[in-house]
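Source file data.csv; content: CSV, C-alpha atoms.
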chain,number,residue,atom,x,y,z
A,3,MET,CA,47.3,17.1,-6.4
A,4,ARG,CA,45.8,14.0,-4.7
A,5,LEU,CA,42.3,13.6,-3.3
A,6,GLY,CA,43.7,13.4,0.3
A,7,THR,CA,45.1,16.9,-0.3
A,8,VAL,CA,42.1,18.4,-2.1
A,9,LEU,CA,39.4,17.5,0.5
A,10,PRO,CA,41.0,19.1,3.6
A,11,ILE,CA,41.6,22.3,1.6
A,12,ALA,CA,37.9,22.2,0.4
A,13,LEU,CA,36.6,21.6,3.9
A,14,THR,CA,38.7,24.4,5.3
A,15,ALA,CA,37.4,26.8,2.7
A,16,LEU,CA,33.8,25.8,3.4
A,17,LEU,CA,34.2,26.1,7.2
A,18,ARG,CA,35.3,29.7,6.8
A,19,ASN,CA,31.7,30.6,6.1
A,20,LYS,CA,29.7,28.1,8.0
A,21,THR,CA,26.3,29.9,7.8
A,22,ARG,CA,26.7,30.4,4.0
A,23,SER,CA,27.7,26.9,3.5
A,24,PHE,CA,24.7,25.5,5.4
A,25,LEU,CA,22.3,27.8,3.6
A,26,THR,CA,23.8,26.7,0.3
A,27,THR,CA,23.2,23.0,1.2
A,28,LEU,CA,19.7,23.7,2.4
A,29,GLY,CA,18.2,23.3,-1.1
A,30,VAL,CA,19.9,19.9,-1.5
A,31,ILE,CA,18.8,18.8,2.0
A,32,ILE,CA,15.2,19.7,1.3
A,33,GLY,CA,15.3,18.0,-2.1
A,34,VAL,CA,16.8,14.8,-0.9
A,35,ALA,CA,14.6,14.7,2.2
A,36,SER,CA,11.5,15.2,0.0
A,37,VAL,CA,12.5,12.4,-2.3
A,38,ILE,CA,13.3,9.9,0.5
A,39,SER,CA,10.2,10.7,2.6
A,40,MET,CA,7.7,10.8,-0.4
A,41,VAL,CA,9.0,7.5,-1.8
A,42,ALA,CA,9.0,5.8,1.6
A,43,VAL,CA,5.5,7.1,2.4
A,44,GLY,CA,4.3,6.0,-1.1
A,45,GLU,CA,5.8,2.5,-0.5
A,46,GLY,CA,4.0,2.4,2.9
A,47,ALA,CA,0.8,3.3,1.2
A,48,LYS,CA,1.3,0.5,-1.3
A,49,ALA,CA,2.0,-1.9,1.4
A,50,ARG,CA,-1.1,-0.8,3.3
A,51,VAL,CA,-3.3,-1.3,0.1
A,52,ALA,CA,-1.7,-4.7,-0.4
A,53,SER,CA,-2.4,-5.7,3.3
A,54,VAL,CA,-6.0,-4.5,3.1
A,55,PHE,CA,-6.7,-6.5,0.0
A,56,ALA,CA,-4.8,-9.5,1.4
A,57,ALA,CA,-7.2,-9.4,4.4
A,58,MET,CA,-10.1,-9.9,1.9
A,59,GLY,CA,-8.5,-13.1,0.8
A,60,THR,CA,-6.1,-14.2,-1.9
A,61,ASN,CA,-7.0,-14.2,-5.6
A,62,VAL,CA,-10.6,-13.5,-4.8
A,63,LEU,CA,-13.6,-13.1,-7.1
A,64,ILE,CA,-17.1,-12.0,-6.0
A,65,VAL,CA,-20.0,-13.3,-8.0
A,66,LEU,CA,-23.2,-11.3,-7.6
A,67,SER,CA,-26.8,-12.0,-8.8
A,68,GLY,CA,-28.5,-9.9,-11.4
A,69,ALA,CA,-30.1,-6.5,-11.1
A,70,THR,CA,-33.8,-5.6,-11.0
A,71,SER,CA,-35.2,-3.0,-13.4
A,72,MET,CA,-38.6,-1.4,-12.9
A,73,GLY,CA,-39.9,1.8,-14.4
A,74,GLY,CA,-36.4,2.6,-15.7
A,75,VAL,CA,-34.9,2.3,-12.3
A,76,SER,CA,-32.2,-0.3,-11.7
A,77,GLY,CA,-31.8,-2.0,-8.3
A,78,GLY,CA,-28.2,-2.8,-8.8
A,79,PHE,CA,-26.4,-6.2,-8.9
A,80,GLY,CA,-27.6,-8.5,-6.2
A,81,SER,CA,-31.1,-7.2,-6.1
A,82,LEU,CA,-32.5,-10.0,-8.4
A,83,PRO,CA,-31.7,-13.6,-7.4
A,84,THR,CA,-30.3,-15.3,-10.4
A,85,LEU,CA,-27.6,-17.5,-8.9
A,86,THR,CA,-28.6,-21.0,-7.9
A,87,TRP,CA,-27.0,-23.7,-5.8
A,88,GLU,CA,-26.4,-25.7,-9.0
A,89,ASP,CA,-24.5,-22.7,-10.3
A,90,LEU,CA,-22.3,-22.9,-7.2
A,91,ARG,CA,-21.6,-26.6,-7.8
A,92,ALA,CA,-20.9,-26.0,-11.4
A,93,ILE,CA,-18.3,-23.3,-10.5
A,94,ARG,CA,-16.6,-25.7,-8.1
A,95,THR,CA,-16.5,-28.6,-10.5
A,96,GLN,CA,-16.3,-27.2,-14.0
A,97,ALA,CA,-13.9,-24.3,-13.7
A,98,PRO,CA,-10.3,-25.6,-13.6
A,99,ALA,CA,-8.9,-22.2,-12.5
A,100,VAL,CA,-11.1,-22.1,-9.4
A,101,ARG,CA,-9.6,-23.4,-6.2
A,102,ALA,CA,-12.6,-23.0,-3.9
A,103,ALA,CA,-16.0,-21.4,-3.8
A,104,ALA,CA,-18.5,-20.7,-1.0
A,105,PRO,CA,-21.8,-18.9,-0.6
A,106,ALA,CA,-22.2,-16.0,1.8
A,107,LEU,CA,-25.8,-15.2,3.0
A,108,ASN,CA,-25.9,-12.2,5.2
A,109,THR,CA,-28.3,-10.5,7.5
A,110,ARG,CA,-28.2,-8.1,10.5
A,111,ALA,CA,-29.2,-9.6,13.9
A,112,THR,CA,-28.6,-9.3,17.6
A,113,VAL,CA,-26.3,-11.8,19.3
A,114,MET,CA,-27.1,-12.2,23.0
A,115,SER,CA,-25.2,-13.8,25.8
A,116,ALA,CA,-26.5,-14.1,29.4
A,117,ASP,CA,-25.9,-10.4,30.2
A,118,GLN,CA,-24.7,-8.7,27.0
A,119,ASN,CA,-25.9,-8.2,23.4
A,120,TRP,CA,-24.5,-6.8,20.2
A,121,THR,CA,-26.1,-6.3,16.8
A,122,THR,CA,-23.8,-7.6,14.1
A,123,THR,CA,-23.7,-9.3,10.7
A,124,VAL,CA,-24.7,-13.0,10.8
A,125,SER,CA,-23.4,-14.9,7.8
A,126,GLY,CA,-24.4,-18.3,6.6
A,127,THR,CA,-21.6,-20.1,4.7
A,128,THR,CA,-19.6,-23.3,4.3
A,129,PRO,CA,-16.1,-24.3,5.4
A,130,ASP,CA,-14.6,-23.3,2.0
A,131,PHE,CA,-15.4,-19.6,2.9
A,132,PHE,CA,-12.6,-19.5,5.5
A,133,ASP,CA,-10.2,-21.0,2.9
A,134,VAL,CA,-11.1,-18.5,0.3
A,135,ARG,CA,-10.7,-15.6,2.7
A,136,ALA,CA,-7.4,-17.0,4.1
A,137,TRP,CA,-8.9,-16.5,7.5
A,138,HIS,CA,-7.6,-18.6,10.4
A,139,ILE,CA,-9.1,-19.5,13.7
A,140,ALA,CA,-7.8,-18.0,16.9
A,141,LYS,CA,-9.6,-20.1,19.5
A,142,GLY,CA,-11.6,-23.3,19.0
A,143,SER,CA,-12.3,-24.6,15.5
A,144,PHE,CA,-14.4,-24.0,12.4
A,145,PHE,CA,-17.5,-25.9,11.6
A,146,GLY,CA,-17.1,-28.7,9.0
A,147,ASP,CA,-19.2,-30.2,6.2
A,148,SER,CA,-20.9,-32.6,8.6
A,149,GLU,CA,-22.2,-29.6,10.6
A,150,VAL,CA,-23.5,-28.0,7.4
A,151,GLU,CA,-25.3,-31.2,6.3
A,152,SER,CA,-26.9,-31.6,9.8
A,153,ALA,CA,-27.7,-27.8,10.1
A,154,SER,CA,-26.0,-27.7,13.5
A,155,LYS,CA,-26.7,-24.8,15.8
A,156,ILE,CA,-23.1,-23.7,16.2
A,157,ILE,CA,-21.5,-20.4,15.6
A,158,VAL,CA,-18.0,-18.9,15.0
A,159,LEU,CA,-17.5,-15.3,16.3
A,160,GLY,CA,-15.4,-12.5,15.0
A,161,GLN,CA,-13.1,-10.8,17.6
A,162,THR,CA,-15.2,-7.7,17.9
A,163,VAL,CA,-18.4,-9.6,18.5
A,164,SER,CA,-16.6,-11.8,21.1
A,165,ASP,CA,-15.3,-8.8,22.9
A,166,LYS,CA,-18.7,-7.0,22.9
A,167,VAL,CA,-20.8,-10.0,23.9
A,168,PHE,CA,-18.4,-11.7,26.4
A,169,GLY,CA,-15.9,-9.1,27.2
A,170,PRO,CA,-12.2,-8.5,26.1
A,171,GLY,CA,-9.9,-11.4,27.0
A,172,VAL,CA,-12.7,-13.9,27.7
A,173,ASP,CA,-12.7,-17.2,25.9
A,174,PRO,CA,-16.3,-17.8,24.7
A,175,VAL,CA,-15.7,-21.3,23.2
A,176,GLY,CA,-18.2,-23.7,24.7
A,177,ARG,CA,-20.6,-20.9,25.8
A,178,ALA,CA,-24.0,-20.2,24.4
A,179,VAL,CA,-25.5,-17.2,22.6
A,180,ARG,CA,-28.9,-16.6,21.2
A,181,ILE,CA,-30.0,-15.2,17.8
A,182,LYS,CA,-33.8,-14.6,17.3
A,183,ALA,CA,-34.5,-16.9,20.3
A,184,VAL,CA,-32.4,-19.7,18.8
A,185,SER,CA,-29.6,-20.9,21.0
A,186,PHE,CA,-26.1,-21.4,19.4
A,187,LEU,CA,-23.0,-23.0,20.8
A,188,VAL,CA,-19.8,-21.0,20.2
A,189,VAL,CA,-17.2,-23.3,18.7
A,190,GLY,CA,-14.6,-20.8,17.6
A,191,VAL,CA,-13.3,-17.2,17.4
A,192,MET,CA,-11.6,-15.9,14.3
A,193,GLN,CA,-8.2,-14.2,14.2
A,194,ARG,CA,-8.4,-10.4,14.0
A,195,LYS,CA,-8.6,-9.1,10.5
A,196,GLY,CA,-8.9,-5.3,11.0
A,197,GLN,CA,-10.7,-2.9,8.7
A,198,SER,CA,-11.7,-2.9,5.0
A,199,PRO,CA,-10.7,-0.1,2.6
A,200,MET,CA,-14.1,1.5,3.3
A,201,GLY,CA,-13.6,1.4,7.1
A,202,THR,CA,-15.8,-1.6,7.7
A,203,ASP,CA,-14.8,-3.8,10.7
A,204,TYR,CA,-14.0,-7.3,9.3
A,205,ASP,CA,-14.2,-8.7,12.8
A,206,ASP,CA,-17.8,-7.5,13.5
A,207,VAL,CA,-19.4,-10.6,12.1
A,208,THR,CA,-20.5,-14.1,13.0
A,209,TYR,CA,-20.5,-17.3,10.9
A,210,ILE,CA,-23.0,-20.2,11.1
A,211,PRO,CA,-23.5,-23.2,8.7
A,212,VAL,CA,-25.5,-22.0,5.6
A,213,THR,CA,-28.2,-24.6,6.2
A,214,THR,CA,-28.7,-23.4,9.8
A,215,PHE,CA,-28.9,-19.9,8.5
A,216,GLN,CA,-31.7,-20.9,6.1
A,217,ASN,CA,-33.6,-22.9,8.6
A,218,GLN,CA,-33.3,-20.8,11.7
A,219,ILE,CA,-32.4,-17.2,10.7
A,220,GLN,CA,-33.7,-16.4,7.3
A,221,GLY,CA,-35.7,-18.6,5.0
A,222,GLY,CA,-34.0,-19.4,1.7
A,223,LEU,CA,-35.2,-19.0,-1.8
A,224,GLN,CA,-35.3,-22.7,-2.5
A,225,LYS,CA,-33.0,-23.2,-5.5
A,226,TYR,CA,-31.7,-19.6,-5.5
A,227,ILE,CA,-28.8,-18.2,-3.4
A,228,ALA,CA,-30.0,-15.2,-1.5
A,229,GLY,CA,-26.5,-13.8,-1.3
A,230,ILE,CA,-23.2,-13.9,-3.1
A,231,ILE,CA,-20.6,-16.5,-4.1
A,232,ILE,CA,-17.0,-15.8,-3.1
A,233,VAL,CA,-14.4,-17.6,-5.2
A,234,SER,CA,-10.7,-18.1,-4.9
A,235,ALA,CA,-8.5,-18.8,-8.0
A,236,ILE,CA,-5.7,-21.4,-7.9
A,237,SER,CA,-3.2,-18.6,-8.2
A,238,GLY,CA,-2.9,-14.9,-8.8
A,239,ASP,CA,-1.9,-15.4,-12.4
A,240,GLU,CA,-5.0,-17.5,-12.9
A,241,THR,CA,-7.5,-15.1,-11.5
A,242,ALA,CA,-8.5,-13.6,-14.9
A,243,ARG,CA,-8.9,-17.0,-16.3
A,244,ALA,CA,-11.1,-18.1,-13.4
A,245,GLN,CA,-13.2,-15.0,-14.0
A,246,SER,CA,-13.6,-15.9,-17.7
A,247,GLU,CA,-14.5,-19.5,-16.9
A,248,ILE,CA,-17.1,-18.5,-14.3
A,249,SER,CA,-18.7,-16.1,-16.8
A,250,ALA,CA,-18.8,-18.7,-19.5
A,251,ILE,CA,-20.3,-21.4,-17.1
A,252,LEU,CA,-23.0,-19.0,-15.9
A,253,ARG,CA,-23.9,-17.7,-19.3
A,254,ASP,CA,-24.3,-21.3,-20.5
A,255,ARG,CA,-26.3,-22.4,-17.5
A,256,HIS,CA,-28.6,-19.3,-17.7
A,257,HIS,CA,-29.1,-19.8,-21.5
A,258,LEU,CA,-28.0,-16.3,-22.4
A,259,GLY,CA,-27.6,-15.6,-26.1
A,260,PRO,CA,-24.5,-13.9,-27.7
A,261,THR,CA,-26.2,-10.5,-27.7
A,262,GLU,CA,-27.8,-10.8,-24.2
A,263,GLU,CA,-26.2,-9.1,-21.2
A,264,ASP,CA,-25.1,-11.0,-18.2
A,265,ASP,CA,-27.7,-11.5,-15.5
A,266,PHE,CA,-24.8,-11.7,-13.0
A,267,ASN,CA,-21.6,-9.8,-12.2
A,268,VAL,CA,-18.1,-11.2,-11.5
A,269,ARG,CA,-15.9,-8.7,-9.6
A,270,ASN,CA,-12.2,-9.2,-9.6
A,271,LEU,CA,-10.7,-7.8,-6.4
A,272,THR,CA,-7.2,-8.3,-7.8
A,273,GLU,CA,-7.9,-5.7,-10.5
A,274,ILE,CA,-9.3,-3.3,-7.9
A,275,ALA,CA,-6.1,-3.8,-5.9
A,276,ALA,CA,-3.9,-3.3,-9.0
A,277,ALA,CA,-5.8,0.0,-9.8
A,278,GLN,CA,-5.2,1.2,-6.3
A,279,GLN,CA,-1.5,0.3,-6.5
A,280,GLN,CA,-1.2,2.1,-9.9
A,281,GLY,CA,-2.9,5.2,-8.4
A,282,THR,CA,-0.5,5.2,-5.5
A,283,GLN,CA,2.5,4.7,-7.7
A,284,ALA,CA,1.5,7.6,-10.0
A,285,LEU,CA,1.1,9.9,-6.9
A,286,THR,CA,4.4,8.8,-5.5
A,287,ALA,CA,6.1,9.4,-8.9
A,288,LEU,CA,4.5,12.9,-9.1
A,289,LEU,CA,5.7,13.8,-5.6
A,290,ALA,CA,9.2,12.4,-6.3
A,291,ALA,CA,9.4,14.5,-9.5
A,292,ILE,CA,8.5,17.7,-7.5
A,293,ALA,CA,11.2,16.8,-5.0
A,294,VAL,CA,13.7,16.4,-7.8
A,295,VAL,CA,13.0,19.9,-8.9
A,296,SER,CA,14.0,21.0,-5.3
A,297,LEU,CA,17.3,19.2,-5.9
A,298,VAL,CA,17.9,21.1,-9.1
A,299,VAL,CA,17.0,24.4,-7.4
A,300,GLY,CA,19.5,23.4,-4.7
A,301,GLY,CA,22.1,22.8,-7.4
A,302,ILE,CA,21.5,26.2,-8.8
A,303,GLY,CA,22.1,27.7,-5.4
A,304,ILE,CA,25.4,25.8,-5.1
A,305,MET,CA,26.5,27.2,-8.5
A,306,ASN,CA,25.5,30.7,-7.5
A,307,ILE,CA,27.5,30.6,-4.2
A,308,MET,CA,30.5,29.0,-5.9
A,309,LEU,CA,30.5,31.9,-8.5
A,310,VAL,CA,30.5,34.3,-5.6
A,311,SER,CA,33.3,32.4,-3.9
A,312,VAL,CA,35.4,32.5,-7.1
A,313,THR,CA,35.0,36.3,-7.2
A,314,GLU,CA,35.8,36.7,-3.5
A,315,ARG,CA,38.9,34.5,-3.8
A,316,THR,CA,40.3,35.9,-7.0
A,317,ARG,CA,43.5,37.1,-5.3
A,318,GLU,CA,43.9,33.7,-3.6
A,319,ILE,CA,43.6,32.0,-6.9
A,320,GLY,CA,46.2,34.3,-8.4
A,321,VAL,CA,48.6,33.6,-5.5
A,322,ARG,CA,48.2,29.8,-5.9
A,323,MET,CA,48.9,30.0,-9.6
A,324,ALA,CA,51.9,32.3,-9.0
A,325,VAL,CA,53.5,29.7,-6.7
A,326,GLY,CA,53.0,26.8,-9.2
A,327,ALA,CA,49.4,25.7,-9.0
A,328,LYS,CA,48.1,24.5,-12.4
A,329,PRO,CA,44.7,25.2,-13.8
A,330,TRP,CA,43.4,21.7,-13.1
A,331,HIS,CA,44.5,22.1,-9.5
A,332,ILE,CA,42.3,25.1,-9.1
A,333,LEU,CA,39.5,23.3,-11.0
A,334,ALA,CA,39.8,20.3,-8.7
A,335,GLN,CA,39.7,22.4,-5.5
A,336,PHE,CA,36.5,24.4,-6.4
A,337,LEU,CA,34.8,21.3,-7.8
A,338,ALA,CA,35.7,19.4,-4.6
A,339,GLU,CA,34.1,22.2,-2.6
A,340,ALA,CA,30.9,22.0,-4.6
A,341,VAL,CA,30.7,18.2,-4.4
A,342,THR,CA,31.4,18.3,-0.7
A,343,LEU,CA,28.5,20.8,-0.1
A,344,SER,CA,26.1,18.7,-2.1
A,345,MET,CA,27.2,15.4,-0.5
A,346,ILE,CA,26.9,16.8,3.0
A,347,GLY,CA,23.4,18.1,2.0
A,348,GLY,CA,22.6,14.6,0.6
A,349,LEU,CA,23.6,12.9,3.9
A,350,ILE,CA,21.6,15.3,6.0
A,351,GLY,CA,18.7,15.0,3.6
A,352,VAL,CA,18.7,11.2,3.7
A,353,ALA,CA,18.7,11.2,7.5
A,354,LEU,CA,15.9,13.9,7.7
A,355,GLY,CA,13.8,12.2,5.0
A,356,SER,CA,14.0,8.9,6.8
A,357,VAL,CA,12.9,10.5,10.1
A,358,LEU,CA,10.0,12.3,8.4
A,359,ALA,CA,8.9,9.2,6.6
A,360,ARG,CA,8.9,7.2,9.8
A,361,VAL,CA,6.9,9.9,11.6
A,362,VAL,CA,4.3,10.2,8.8
A,363,ALA,CA,4.0,6.4,8.6
A,364,SER,CA,3.5,6.2,12.3
A,365,ARG,CA,0.8,8.9,12.3
A,366,LEU,CA,-1.1,7.2,9.5
A,367,GLY,CA,-0.7,3.7,10.9
A,368,TRP,CA,1.3,2.5,7.9
A,369,THR,CA,4.4,0.3,7.8
A,370,TYR,CA,7.6,2.3,7.4
A,371,THR,CA,9.0,0.9,4.1
A,372,PRO,CA,12.3,2.6,3.1
A,373,ARG,CA,13.7,1.8,-0.3
A,374,VAL,CA,17.5,1.4,-0.2
A,375,ASP,CA,17.8,1.9,-3.9
A,376,MET,CA,16.0,5.3,-3.7
A,377,ILE,CA,18.3,6.3,-0.8
A,378,VAL,CA,21.4,5.4,-2.8
A,379,MET,CA,20.0,7.1,-6.0
A,380,SER,CA,19.1,10.3,-4.1
A,381,PHE,CA,22.6,10.5,-2.5
A,382,ALA,CA,24.2,9.8,-5.9
A,383,PHE,CA,22.0,12.4,-7.6
A,384,SER,CA,22.9,15.0,-5.0
A,385,ALA,CA,26.6,14.3,-5.7
A,386,ALA,CA,25.9,14.6,-9.4
A,387,VAL,CA,24.2,17.9,-8.8
A,388,GLY,CA,27.4,19.1,-7.1
A,389,VAL,CA,29.5,18.0,-10.1
A,390,GLY,CA,27.1,19.4,-12.6
A,391,PHE,CA,26.5,22.8,-11.0
A,392,GLY,CA,30.0,23.2,-9.6
A,393,LEU,CA,31.8,22.5,-12.8
A,394,TYR,CA,31.1,25.9,-14.4
A,395,PRO,CA,32.4,28.0,-11.4
A,396,ALA,CA,35.4,25.7,-11.1
A,397,ARG,CA,36.3,26.0,-14.8
A,398,LYS,CA,35.9,29.8,-14.5
A,399,ALA,CA,38.3,29.8,-11.5
A,400,SER,CA,40.9,27.6,-13.3
A,401,ARG,CA,40.9,29.9,-16.4
A,402,LEU,CA,41.7,33.1,-14.5
A,403,ASP,CA,44.8,35.0,-15.7
A,404,PRO,CA,47.3,34.9,-12.7
A,405,ILE,CA,48.5,38.5,-13.3
A,406,GLU,CA,45.0,39.9,-13.5
A,407,ALA,CA,44.0,37.8,-10.5
A,408,LEU,CA,46.8,39.2,-8.4
A,409,ARG,CA,45.8,42.8,-9.4
A,410,TYR,CA,42.1,42.1,-8.4
A,411,GLU,CA,40.9,44.2,-5.5
Whole structure, structure tokens version:
Amino acid sequence: MRLGTVLPIALTALLRNKTRSFLTTLGVIIGVASVISMVAVGEGAKARVASVFAAMGTNVLIVLSGATSMGGVSGGFGSLPTLTWEDLRAIRTQAPAVRAAAPALNTRATVMSADQNWTTTVSGTTPDFFDVRAWHIAKGSFFGDSEVESASKIIVLGQTVSDKVFGPGVDPVGRAVRIKAVSFLVVGVMQRKGQSPMGTDYDDVTYIPVTTFQNQIQGGLQKYIAGIIIVSAISGDETARAQSEISAILRDRHHLGPTEEDDFNVRNLTEIAAAQQQGTQALTALLAAIAVVSLVVGGIGIMNIMLVSVTERTREIGVRMAVGAKPWHILAQFLAEAVTLSMIGGLIGVALGSVLARVVASRLGWTYTPRVDMIVMSFAFSAAVGVGFGLYPARKASRLDPIEALRYE
């Protein structure tokens, strides 16, 4: 008996009871759809996490000042100025794994145009900051080292600030804004970055030269940096080494003994991103495992229905054997029916799971990221379920005694 003969017979047998066949495949459909949708949504979540951390910058380290401690109460890192401008220069020149480093001095202030105003974050920094953050200009240009040295009164706006102060679609380059009665010339507008993992709007910020910030917005602490240092490693693989080099440089410059705690903190955003990815992967694996259980339950349903089918068709089996069908012919027919049921369920499950994943990703604002390997594996697994759970009923049918089968009522 050839495959071309077995499949039409199997399909004919299944179509005799369309409703029962559909209900039998329902478990496989749900299982495969669950696997496809859960994995696709998980991949979308991973892509979302990766894009969010990419928006922060590539291979980024954040260096914070020390923490105050008074009466047993700690103020947290950054509350005690311990980082100096010389520390920043040392990080730039003495750490081989560091590609770029920039200060970030922040305050809240109101930015005013001729007829609008908006309270936002004003950040004093250097041109390296935009390189570290991998942030590009949308209109105009960045300020350069010469503007930092001369403390020029120029400003670069985030997209949100530009829209709020000048209106959506308006080009503010060349116009003036005021901060604390100081007039600034707008020289550029940043590309839109979106939101941070905590929901903060990256685009609700303005940037001015760090020297201008100290002279016009907020007085500095002389040799101390009243903010943070943001650092970019030369590559993702070198981020950990850059972190170690920075720690070693700062401990040496701050004359800390072997038993003394750091009076600074170096945060590795790559590690945070990796932890987020691991958490997402674990959740995806858990959901996929639950979905696989659904597939197994669907397989049990197939075996149950096939056993019922064998009982119902006992006389038919007896007739086939009486006219010359061999046991393996009967086994092949019933096994083909079981595999056909599971494969049809697998195909429907793949289609349904893909649609569900696309809908969920659209609702959550994630990228729909299907995994072809998981689709193939799920379909193959559904076929394997058909073979595994259809083999016992098929063998039972093939071992029936023809005489007893013909007598069966």
In Å to one decimal, how far is atom CA of A:Ile307 from atom CA of A:Leu343?
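According to the coordinates, atom CA of A:Leu343 and atom CA of A:Ile307 are separated by 10.7 Å.
With atom CA of A:Ala334 on one side and atom CA of A:Val298 on the other, the separation reads 21.9 Å.
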Leaving out A:Trp330 and any residue of its chain fewer than 6 positions from it, which residues lie within 12 Å of it when counting only C-alpha atoms, given as a PyMOL selection string?
chain A and resi 3-4+8+322-323+336-338+393+396-402
With distances taken over only C-alpha atoms, which of A:Glu318, A:Asp130, A:Glu247, A:Asp165 is nearest to A:Ile231?
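Checking each candidate against A:Ile231, we get A:Asp130 as the closest.
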Near-A:Thr213 list (8 Å; all atoms listed in the file; drop same-chain fewer than 6 positions) as a list in words
Gly126, Val150, Glu151, Ser152 and Ala153 of chain A
Contacts of A:Asn61 at 7 Å (all atoms listed in the file; same-chain gap of 3+ positions) as number ranges by chain
A: 234-235, 237-238, 241, 272
What lies within 9 Å of A:Ser185 using only C-alpha atoms, ignoring chain neighbours under 6 positions off, as a PyMOL selection string?
chain A and resi 155-156+178-179
Ranking A:Phe391, A:Trp137, A:Phe145, A:Phe24 by minimum distance to A:Ala340 and counting all atoms listed in the file, which one comes first?
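Closest residue, counting all atoms listed in the file: A:Phe391.
Here atom CA of A:Met114 and atom CA of A:Asp147 stand 25.9 Å from one another.
Nearest to A:Val189 of all the residues A:Thr21, A:Asn108, A:Thr27, A:Ser143 is A:Ser143, based on only C-alpha atoms.
Distances here use all atoms listed in the file; by that measure, the residue among A:Ala327, A:Ala116, A:Val124, A:Leu63 closest to A:Ile219 is A:Val124.
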Considering all atoms listed in the file, can you say which of A:Thr123, A:Gln118, A:Thr112, A:Ser364 comes closest to A:Asp203?
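Using all atoms listed in the file, A:Asp203 sits closest to A:Thr123.
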Skip A:Ser380 itself and residues of its chain fewer than 5 positions away, then list as a VMD selection string all residues within 8 Å of it, counting all atoms listed in the file.
chain A and resid 34 37 to 38 348 352
Keeping C-alpha atoms for every residue in the selection just given, could you write it to a file as a compact mmCIF listing (two decimals), keeping the file's coordinate frame?
# COMPACT_ATOMS: atom_id res chain seq x y z
CA VAL A 34 16.80 14.80 -0.90
CA VAL A 37 12.50 12.40 -2.30
CA ILE A 38 13.30 9.90 0.50
CA GLY A 348 22.60 14.60 0.60
CA VAL A 352 18.70 11.20 3.70
Residue among A:Val378, A:Ile230, A:Val299, A:Ile332 lying closest to A:Val312, counting only C-alpha atoms:
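For A:Val312, the nearest of the given residues is A:Ile332.
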Around (-8.6, -5.3, 14.2), as given in the file, which residues come within 8 Å? Count all atoms listed in the file and list them as JSON, numbers by chain.
{"A": [161, 162, 194, 195, 196, 197, 203, 204, 205]}
